[in-house]
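The structure appears right after this line, and notes come after that.
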Amino acid sequence: MPARPASGLTAPFGDVIAVAVIVLFAVLPYPESVFQVPGMLLPIALLPAAAMPFRRRWPLAVLGVSVVVAVVLSVMGILSPSSLIATAISAFAVTAYTRRTVGLIALTLVVGVVFVSNAVPLHGEFFDSRALQFLFFIALAGAIGDATRSRREFGAAMTERAERAERGREEEARRRVAEERVRIARDLHDVVAHQITVISLNAGVASSALESRPDRAREALTTIRRASRTVLTDIGGLMALLRSEDPEDTGDLRPQTGLVGAADLIARFVDAGLRVELHDESAGVALSPSNDHVAYLVLLEGLTNAHKHGADRPVRVRLDVVSGDLLIDVRNEVRAGPEASAGGHGLVGLRERVTAVRGTVRAESVDGVFRLDVRLPTDGGSDEWSA
């Protein structure tokens with residue numbers, strides 16, 4: 001791709017210099033007659049000077065004008081320094097402002113034509129030093145033009161690379177922002193969803209038992225108050241993390257809960273009226289801190305869904321170690337209707353968390369029973385699902 005011509009104040013200044021040099025060498029009184037241009041031929045010798053301001057826009061055309069004038073004057077017996085210098089300036093423009101292949105071909109042809117034509121006024125002396133010096137100037141100008149074009153292309157490539165890197169950084173920043181938004185949404189769901197469910201269900205219990213069973217209503221209101229405090233504390237901790245300038249400053253947050261908190265979690269749901277049948281065969285299982293927290297979140301999500309969509313039947317929870325993996329199986333009967341769906345944002349977030357620790361999730365509703373099966377790797381690794 002051709003390099004862009006120079007712009008701004010540099011181009012007019014360069015045009016003035018080029019025109020002045022050509023005019024000067026056209027009118028200088030040379031001691032040798034072979035270099036002198038008669039007055040009647042002076043307009044022809046000055047044609048390249050008139051074309052110089054256009055050499056960046058039409059370099060090949062200006063080079064052609066300069067070469068033609070040089071050849072015409074050579075045929076008339078004049079070795080014109082002004083037209084040959086104009087040819088050198090035009091050769092620079094051609095190699096600087098056109099594609100490299102075009103510039104090199106044009107430069108080669110021009111050097112060959114000038115080499116032959118310069119021998120005419122010198123009576124066939126092809127290797128006369130007076131003619132060879134101009135060939136050297138033309139070739140040197142072409143080489144400098146090619147170097148200038150290469151430097152411009154290199155600068156343009158560096159600029160494009162920098163812009164591409166900047167765009168890449170912006171895209172990476174947008175991607176990280178999107179990931180952070182997803183993480184915040186998951187954390188909000190983890191700390192809020194089941195507590196809001198507890199509050200909602202106990203509010204219903206308190207409303208229905210206010211007159212007939214005031215003790216039960218007071219218990220439900222106490223549970224609502226405790227759940228409200230818990231969710232406010234959790235949200236406050238999350239907001240403190242978001243506002244913190246130090247991403248590692250998490251001292252105000254409560255530590256992530258693992259399976260050690262499963263008994264308290266089940267007790268809270270039992271207090272809210274959910275009947276839970278727990279079969280725990282996972283004693284002594286070794287889980288990493290992240291897998292331990294994900295296991296707790298699996299129980300939280302399964303019990304929350306059972307509380308929301310359950311059919312007032314017991315929820316069966318089984319913890320077991322199968323082929324070196326921790327198996328968490330939560331099953332409950334669901335009410336008929338659209339609420340008995342296995343979808344939802346909570347399950348989507350849970351899938352992402354389980355996948356992040358190389359676990360697997362299977363959630364399905366069959367014959368009115370919703371089943372949540374999760375396998376989490378332990379030190380023993382993970383095998384495929386068994387039938």
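Just so we're on the same page: first chain in the structure tokens is A, next is B, and so on; residues restart at 1 for each chain, and ligands are numbered from 1 in the order they show up.
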Per DSSP on the backbone, what are the helix (DSSP H, G or I) residues of segment 32-272 of chain A, as a PyMOL selection string?
chain A and resi 33-35+39-45+47-54+59-75+81-97+100-117+129-209+214-243+259-271
I want to know what sits within 12 Å of Arg225 of chain A, based on only C-alpha atoms, with residues of the same chain fewer than 5 positions away left out; could you give that as a PDB file with N, CA, C and O atoms, in the first residue's frame?
ATOM      1  N   GLN A 195     -32.516 -16.472  52.162  1.00  0.00           N
ATOM      2  CA  GLN A 195     -33.013 -15.700  53.293  1.00  0.00           C
ATOM      3  C   GLN A 195     -34.331 -15.000  52.941  1.00  0.00           C
ATOM      4  O   GLN A 195     -35.251 -14.944  53.770  1.00  0.00           O
ATOM      5  N   ILE A 196     -34.427 -14.481  51.721  1.00  0.00           N
ATOM      6  CA  ILE A 196     -35.693 -13.858  51.291  1.00  0.00           C
ATOM      7  C   ILE A 196     -36.794 -14.899  51.232  1.00  0.00           C
ATOM      8  O   ILE A 196     -37.959 -14.640  51.592  1.00  0.00           O
ATOM      9  N   VAL A 198     -36.995 -17.587  53.127  1.00  0.00           N
ATOM     10  CA  VAL A 198     -37.362 -17.840  54.526  1.00  0.00           C
ATOM     11  C   VAL A 198     -38.265 -16.738  55.053  1.00  0.00           C
ATOM     12  O   VAL A 198     -39.285 -16.991  55.727  1.00  0.00           O
ATOM     13  N   ILE A 199     -37.907 -15.478  54.748  1.00  0.00           N
ATOM     14  CA  ILE A 199     -38.717 -14.349  55.208  1.00  0.00           C
ATOM     15  C   ILE A 199     -40.120 -14.421  54.620  1.00  0.00           C
ATOM     16  O   ILE A 199     -41.131 -14.241  55.333  1.00  0.00           O
ATOM     17  N   SER A 200     -40.210 -14.712  53.334  1.00  0.00           N
ATOM     18  CA  SER A 200     -41.513 -14.753  52.675  1.00  0.00           C
ATOM     19  C   SER A 200     -42.395 -15.849  53.261  1.00  0.00           C
ATOM     20  O   SER A 200     -43.584 -15.622  53.567  1.00  0.00           O
ATOM     21  N   ASN A 202     -42.163 -17.419  56.190  1.00  0.00           N
ATOM     22  CA  ASN A 202     -42.514 -17.169  57.580  1.00  0.00           C
ATOM     23  C   ASN A 202     -43.500 -16.023  57.719  1.00  0.00           C
ATOM     24  O   ASN A 202     -44.300 -16.003  58.659  1.00  0.00           O
ATOM     25  N   ALA A 203     -43.449 -15.074  56.797  1.00  0.00           N
ATOM     26  CA  ALA A 203     -44.455 -14.022  56.813  1.00  0.00           C
ATOM     27  C   ALA A 203     -45.838 -14.613  56.554  1.00  0.00           C
ATOM     28  O   ALA A 203     -46.839 -14.220  57.183  1.00  0.00           O
ATOM     29  N   ARG A 218     -45.411 -15.716  66.643  1.00  0.00           N
ATOM     30  CA  ARG A 218     -44.246 -15.056  67.229  1.00  0.00           C
ATOM     31  C   ARG A 218     -42.943 -15.748  66.803  1.00  0.00           C
ATOM     32  O   ARG A 218     -41.940 -15.096  66.530  1.00  0.00           O
ATOM     33  N   GLU A 219     -42.976 -17.077  66.735  1.00  0.00           N
ATOM     34  CA  GLU A 219     -41.787 -17.796  66.275  1.00  0.00           C
ATOM     35  C   GLU A 219     -41.441 -17.429  64.830  1.00  0.00           C
ATOM     36  O   GLU A 219     -40.266 -17.242  64.482  1.00  0.00           O
ATOM     37  N   ALA A 220     -42.488 -17.328  64.012  1.00  0.00           N
ATOM     38  CA  ALA A 220     -42.253 -16.965  62.614  1.00  0.00           C
ATOM     39  C   ALA A 220     -41.683 -15.553  62.499  1.00  0.00           C
ATOM     40  O   ALA A 220     -40.772 -15.290  61.703  1.00  0.00           O
ATOM     41  N   THR A 230     -29.521 -11.284  59.071  1.00  0.00           N
ATOM     42  CA  THR A 230     -28.491 -12.050  58.363  1.00  0.00           C
ATOM     43  C   THR A 230     -28.280 -11.512  56.954  1.00  0.00           C
ATOM     44  O   THR A 230     -27.142 -11.306  56.508  1.00  0.00           O
ATOM     45  N   VAL A 231     -29.391 -11.284  56.234  1.00  0.00           N
ATOM     46  CA  VAL A 231     -29.254 -10.828  54.861  1.00  0.00           C
ATOM     47  C   VAL A 231     -28.688  -9.419  54.811  1.00  0.00           C
ATOM     48  O   VAL A 231     -27.898  -9.071  53.920  1.00  0.00           O
ATOM     49  N   LEU A 232     -29.050  -8.555  55.773  1.00  0.00           N
ATOM     50  CA  LEU A 232     -28.481  -7.213  55.808  1.00  0.00           C
ATOM     51  C   LEU A 232     -26.980  -7.261  56.088  1.00  0.00           C
ATOM     52  O   LEU A 232     -26.198  -6.501  55.502  1.00  0.00           O
TER      53      LEU A 232
END
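Take atom CA of Asp264 of chain A and atom CA of Arg335 of chain A: the distance between them is 26.5 Å.
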Could you state the separation of atom CA of Tyr296 of chain A and atom CA of Ile266 of chain A in Å, given to one decimal place?
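Here the two named atoms are 10.7 Å from each other.
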Residues at most 12 Å from Asp15 of chain A, counting only C-alpha atoms, excluding those fewer than 2 positions away in the same chain, as an mmCIF file with all heavy atoms, in the first residue's frame?
data_model
loop_
_atom_site.group_PDB
_atom_site.id
_atom_site.type_symbol
_atom_site.label_atom_id
_atom_site.label_comp_id
_atom_site.auth_asym_id
_atom_site.auth_seq_id
_atom_site.Cartn_x
_atom_site.Cartn_y
_atom_site.Cartn_z
ATOM 1 N N ALA A 6 3.649 13.532 2.468
ATOM 2 C CA ALA A 6 3.837 14.453 3.582
ATOM 3 C C ALA A 6 2.804 15.548 3.530
ATOM 4 O O ALA A 6 2.278 15.902 2.480
ATOM 5 C CB ALA A 6 5.245 15.047 3.524
ATOM 6 N N SER A 7 2.458 16.068 4.693
ATOM 7 C CA SER A 7 1.443 17.110 4.764
ATOM 8 C C SER A 7 1.906 18.182 5.716
ATOM 9 O O SER A 7 2.969 18.103 6.327
ATOM 10 C CB SER A 7 0.110 16.527 5.233
ATOM 11 O OG SER A 7 0.262 15.926 6.494
ATOM 12 N N LEU A 9 3.279 21.880 6.971
ATOM 13 C CA LEU A 9 4.227 22.886 6.497
ATOM 14 C C LEU A 9 5.409 22.264 5.772
ATOM 15 O O LEU A 9 6.117 22.952 5.024
ATOM 16 C CB LEU A 9 4.736 23.714 7.690
ATOM 17 C CG LEU A 9 3.666 24.523 8.439
ATOM 18 C CD1 LEU A 9 4.302 25.218 9.636
ATOM 19 C CD2 LEU A 9 3.016 25.535 7.507
ATOM 20 N N THR A 10 5.669 20.969 5.973
ATOM 21 C CA THR A 10 6.833 20.329 5.373
ATOM 22 C C THR A 10 6.733 20.302 3.860
ATOM 23 O O THR A 10 7.726 20.568 3.154
ATOM 24 C CB THR A 10 6.990 18.899 5.912
ATOM 25 O OG1 THR A 10 7.031 18.952 7.329
ATOM 26 C CG2 THR A 10 8.251 18.255 5.390
ATOM 27 N N ALA A 11 5.570 19.982 3.301
ATOM 28 C CA ALA A 11 5.415 19.857 1.851
ATOM 29 C C ALA A 11 5.668 21.173 1.114
ATOM 30 O O ALA A 11 6.472 21.206 0.169
ATOM 31 C CB ALA A 11 4.029 19.302 1.532
ATOM 32 N N PRO A 12 5.050 22.288 1.465
ATOM 33 C CA PRO A 12 5.331 23.550 0.754
ATOM 34 C C PRO A 12 6.803 23.964 0.848
ATOM 35 O O PRO A 12 7.375 24.449 -0.127
ATOM 36 C CB PRO A 12 4.418 24.563 1.448
ATOM 37 C CG PRO A 12 3.330 23.747 2.040
ATOM 38 C CD PRO A 12 3.973 22.465 2.434
ATOM 39 N N PHE A 13 7.402 23.779 2.015
ATOM 40 C CA PHE A 13 8.805 24.140 2.177
ATOM 41 C C PHE A 13 9.682 23.287 1.267
ATOM 42 O O PHE A 13 10.615 23.787 0.608
ATOM 43 C CB PHE A 13 9.216 23.953 3.636
ATOM 44 C CG PHE A 13 10.644 24.324 3.914
ATOM 45 C CD1 PHE A 13 11.028 25.656 3.951
ATOM 46 C CD2 PHE A 13 11.603 23.344 4.124
ATOM 47 C CE1 PHE A 13 12.354 26.003 4.202
ATOM 48 C CE2 PHE A 13 12.922 23.683 4.373
ATOM 49 C CZ PHE A 13 13.301 25.018 4.412
ATOM 50 N N ILE A 17 12.157 24.499 -1.984
ATOM 51 C CA ILE A 17 13.565 24.112 -2.096
ATOM 52 C C ILE A 17 13.824 23.398 -3.420
ATOM 53 O O ILE A 17 14.807 23.688 -4.131
ATOM 54 C CB ILE A 17 13.980 23.234 -0.908
ATOM 55 C CG1 ILE A 17 13.884 24.027 0.402
ATOM 56 C CG2 ILE A 17 15.385 22.690 -1.099
ATOM 57 C CD1 ILE A 17 14.792 25.204 0.493
ATOM 58 N N ALA A 18 12.945 22.442 -3.771
ATOM 59 C CA ALA A 18 13.140 21.679 -4.997
ATOM 60 C C ALA A 18 13.090 22.584 -6.231
ATOM 61 O O ALA A 18 13.940 22.496 -7.131
ATOM 62 C CB ALA A 18 12.078 20.587 -5.099
ATOM 63 N N VAL A 19 12.092 23.464 -6.299
ATOM 64 C CA VAL A 19 11.968 24.375 -7.445
ATOM 65 C C VAL A 19 13.176 25.304 -7.518
ATOM 66 O O VAL A 19 13.744 25.549 -8.598
ATOM 67 C CB VAL A 19 10.653 25.179 -7.342
ATOM 68 C CG1 VAL A 19 10.623 26.279 -8.411
ATOM 69 C CG2 VAL A 19 9.456 24.256 -7.496
ATOM 70 N N ALA A 20 13.614 25.835 -6.364
ATOM 71 C CA ALA A 20 14.750 26.757 -6.345
ATOM 72 C C ALA A 20 16.027 26.078 -6.841
ATOM 73 O O ALA A 20 16.810 26.665 -7.615
ATOM 74 C CB ALA A 20 14.947 27.310 -4.941
ATOM 75 N N VAL A 21 16.256 24.833 -6.420
ATOM 76 C CA VAL A 21 17.463 24.109 -6.840
ATOM 77 C C VAL A 21 17.438 23.859 -8.340
ATOM 78 O O VAL A 21 18.454 24.052 -9.052
ATOM 79 C CB VAL A 21 17.578 22.788 -6.058
ATOM 80 C CG1 VAL A 21 18.655 21.893 -6.667
ATOM 81 C CG2 VAL A 21 17.892 23.063 -4.601
ATOM 82 N N ILE A 22 16.288 23.451 -8.883
ATOM 83 C CA ILE A 22 16.190 23.170 -10.323
ATOM 84 C C ILE A 22 16.409 24.443 -11.138
ATOM 85 O O ILE A 22 17.145 24.457 -12.145
ATOM 86 C CB ILE A 22 14.834 22.527 -10.640
ATOM 87 C CG1 ILE A 22 14.737 21.143 -9.971
ATOM 88 C CG2 ILE A 22 14.633 22.392 -12.146
ATOM 89 C CD1 ILE A 22 13.376 20.514 -10.052
ATOM 90 N N PRO A 48 10.378 20.667 -15.511
ATOM 91 C CA PRO A 48 10.361 19.848 -14.287
ATOM 92 C C PRO A 48 10.147 20.675 -13.024
ATOM 93 O O PRO A 48 9.514 20.196 -12.072
ATOM 94 C CB PRO A 48 11.738 19.185 -14.290
ATOM 95 C CG PRO A 48 12.147 19.152 -15.715
ATOM 96 C CD PRO A 48 11.617 20.430 -16.296
ATOM 97 N N ALA A 49 10.665 21.921 -13.014
ATOM 98 C CA ALA A 49 10.456 22.766 -11.845
ATOM 99 C C ALA A 49 8.978 23.059 -11.645
ATOM 100 O O ALA A 49 8.475 23.077 -10.509
ATOM 101 C CB ALA A 49 11.251 24.064 -11.988
ATOM 102 N N ALA A 50 8.251 23.288 -12.744
ATOM 103 C CA ALA A 50 6.817 23.550 -12.649
ATOM 104 C C ALA A 50 6.044 22.320 -12.176
ATOM 105 O O ALA A 50 4.977 22.432 -11.570
ATOM 106 C CB ALA A 50 6.288 24.020 -13.997
ATOM 107 N N ALA A 51 6.598 21.124 -12.463
ATOM 108 C CA ALA A 51 5.900 19.889 -12.081
ATOM 109 C C ALA A 51 6.235 19.429 -10.668
ATOM 110 O O ALA A 51 5.525 18.577 -10.116
ATOM 111 C CB ALA A 51 6.246 18.776 -13.068
ATOM 112 N N MET A 52 7.266 19.983 -10.037
ATOM 113 C CA MET A 52 7.719 19.510 -8.728
ATOM 114 C C MET A 52 6.631 19.528 -7.646
ATOM 115 O O MET A 52 6.538 18.597 -6.841
ATOM 116 C CB MET A 52 8.922 20.328 -8.253
ATOM 117 C CG MET A 52 10.257 19.905 -8.855
ATOM 118 S SD MET A 52 10.722 18.206 -8.477
ATOM 119 C CE MET A 52 10.461 17.442 -10.083
ATOM 120 N N PRO A 53 5.798 20.570 -7.540
ATOM 121 C CA PRO A 53 4.788 20.563 -6.471
ATOM 122 C C PRO A 53 3.800 19.401 -6.545
ATOM 123 O O PRO A 53 3.092 19.136 -5.577
ATOM 124 C CB PRO A 53 4.068 21.907 -6.656
ATOM 125 C CG PRO A 53 5.061 22.781 -7.347
ATOM 126 C CD PRO A 53 5.816 21.865 -8.259
ATOM 127 N N PHE A 54 3.754 18.720 -7.703
ATOM 128 C CA PHE A 54 2.788 17.617 -7.871
ATOM 129 C C PHE A 54 3.438 16.244 -7.727
ATOM 130 O O PHE A 54 2.790 15.225 -7.987
ATOM 131 C CB PHE A 54 2.129 17.724 -9.255
ATOM 132 C CG PHE A 54 1.493 19.052 -9.521
ATOM 133 C CD1 PHE A 54 2.156 19.994 -10.312
ATOM 134 C CD2 PHE A 54 0.268 19.381 -8.978
ATOM 135 C CE1 PHE A 54 1.580 21.235 -10.555
ATOM 136 C CE2 PHE A 54 -0.309 20.620 -9.225
ATOM 137 C CZ PHE A 54 0.350 21.549 -10.007
ATOM 138 N N ARG A 55 4.716 16.200 -7.322
ATOM 139 C CA ARG A 55 5.436 14.917 -7.325
ATOM 140 C C ARG A 55 4.919 13.945 -6.259
ATOM 141 O O ARG A 55 5.105 12.734 -6.406
ATOM 142 C CB ARG A 55 6.932 15.163 -7.134
ATOM 143 C CG ARG A 55 7.324 15.663 -5.759
ATOM 144 C CD ARG A 55 8.808 16.061 -5.721
ATOM 145 N NE ARG A 55 9.242 16.438 -4.377
ATOM 146 C CZ ARG A 55 9.029 17.601 -3.823
ATOM 147 N NH1 ARG A 55 8.345 18.543 -4.484
ATOM 148 N NH2 ARG A 55 9.471 17.862 -2.604
ATOM 149 N N ARG A 56 4.300 14.447 -5.193
ATOM 150 C CA ARG A 56 3.777 13.541 -4.164
ATOM 151 C C ARG A 56 2.453 12.928 -4.597
ATOM 152 O O ARG A 56 2.171 11.776 -4.288
ATOM 153 C CB ARG A 56 3.597 14.293 -2.847
ATOM 154 C CG ARG A 56 4.904 14.847 -2.274
ATOM 155 C CD ARG A 56 4.677 15.567 -0.971
ATOM 156 N NE ARG A 56 5.901 16.217 -0.489
ATOM 157 C CZ ARG A 56 6.285 17.421 -0.848
ATOM 158 N NH1 ARG A 56 5.532 18.130 -1.699
ATOM 159 N NH2 ARG A 56 7.403 17.936 -0.389
ATOM 160 N N ALA A 86 16.219 17.205 -11.281
ATOM 161 C CA ALA A 86 14.770 17.009 -11.164
ATOM 162 C C ALA A 86 14.411 15.535 -11.244
ATOM 163 O O ALA A 86 13.508 15.049 -10.550
ATOM 164 C CB ALA A 86 14.058 17.785 -12.258
ATOM 165 N N ILE A 89 15.166 14.035 -7.830
ATOM 166 C CA ILE A 89 14.120 14.379 -6.853
ATOM 167 C C ILE A 89 12.847 13.584 -7.126
ATOM 168 O O ILE A 89 12.188 13.089 -6.208
ATOM 169 C CB ILE A 89 13.842 15.895 -6.896
ATOM 170 C CG1 ILE A 89 15.092 16.679 -6.475
ATOM 171 C CG2 ILE A 89 12.666 16.246 -5.996
ATOM 172 C CD1 ILE A 89 14.949 18.175 -6.624
ATOM 173 N N SER A 90 12.502 13.422 -8.401
ATOM 174 C CA SER A 90 11.301 12.657 -8.764
ATOM 175 C C SER A 90 11.476 11.173 -8.451
ATOM 176 O O SER A 90 10.519 10.498 -8.058
ATOM 177 C CB SER A 90 10.995 12.849 -10.247
ATOM 178 O OG SER A 90 10.821 14.221 -10.560
ATOM 179 N N ALA A 93 10.653 10.671 -4.945
ATOM 180 C CA ALA A 93 9.206 10.695 -4.721
ATOM 181 C C ALA A 93 8.557 9.376 -5.143
ATOM 182 O O ALA A 93 7.654 8.873 -4.472
ATOM 183 C CB ALA A 93 8.582 11.866 -5.481
#
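Proximity of A:Ala227, A:Asp373, A:Asp280, A:Glu352 to Glu179 of chain A, computed with only C-alpha atoms, is greatest for A:Glu352.
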Need the shell around segment 124-135 of chain A: protein/DNA/RNA residues with any atom at most 8 Å away, counting only C-alpha atoms. Skip same-chain ones fewer than 4 positions apart. Format as a list in words?
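Using only C-alpha atoms, the neighbours found are Leu79, Pro81, Leu84, Ile85, Val111, Val114, Phe115, Val116, Asn118, Ala119, Val120 and Ala139 of chain A.
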Need to verify the contact set: Asp292 of chain A, 8 Å, only C-alpha atoms, exclusion of same-chain residues closer than 5 positions in sequence. Can you return it as a PyMOL selection string?
chain A and resi 257-259+287
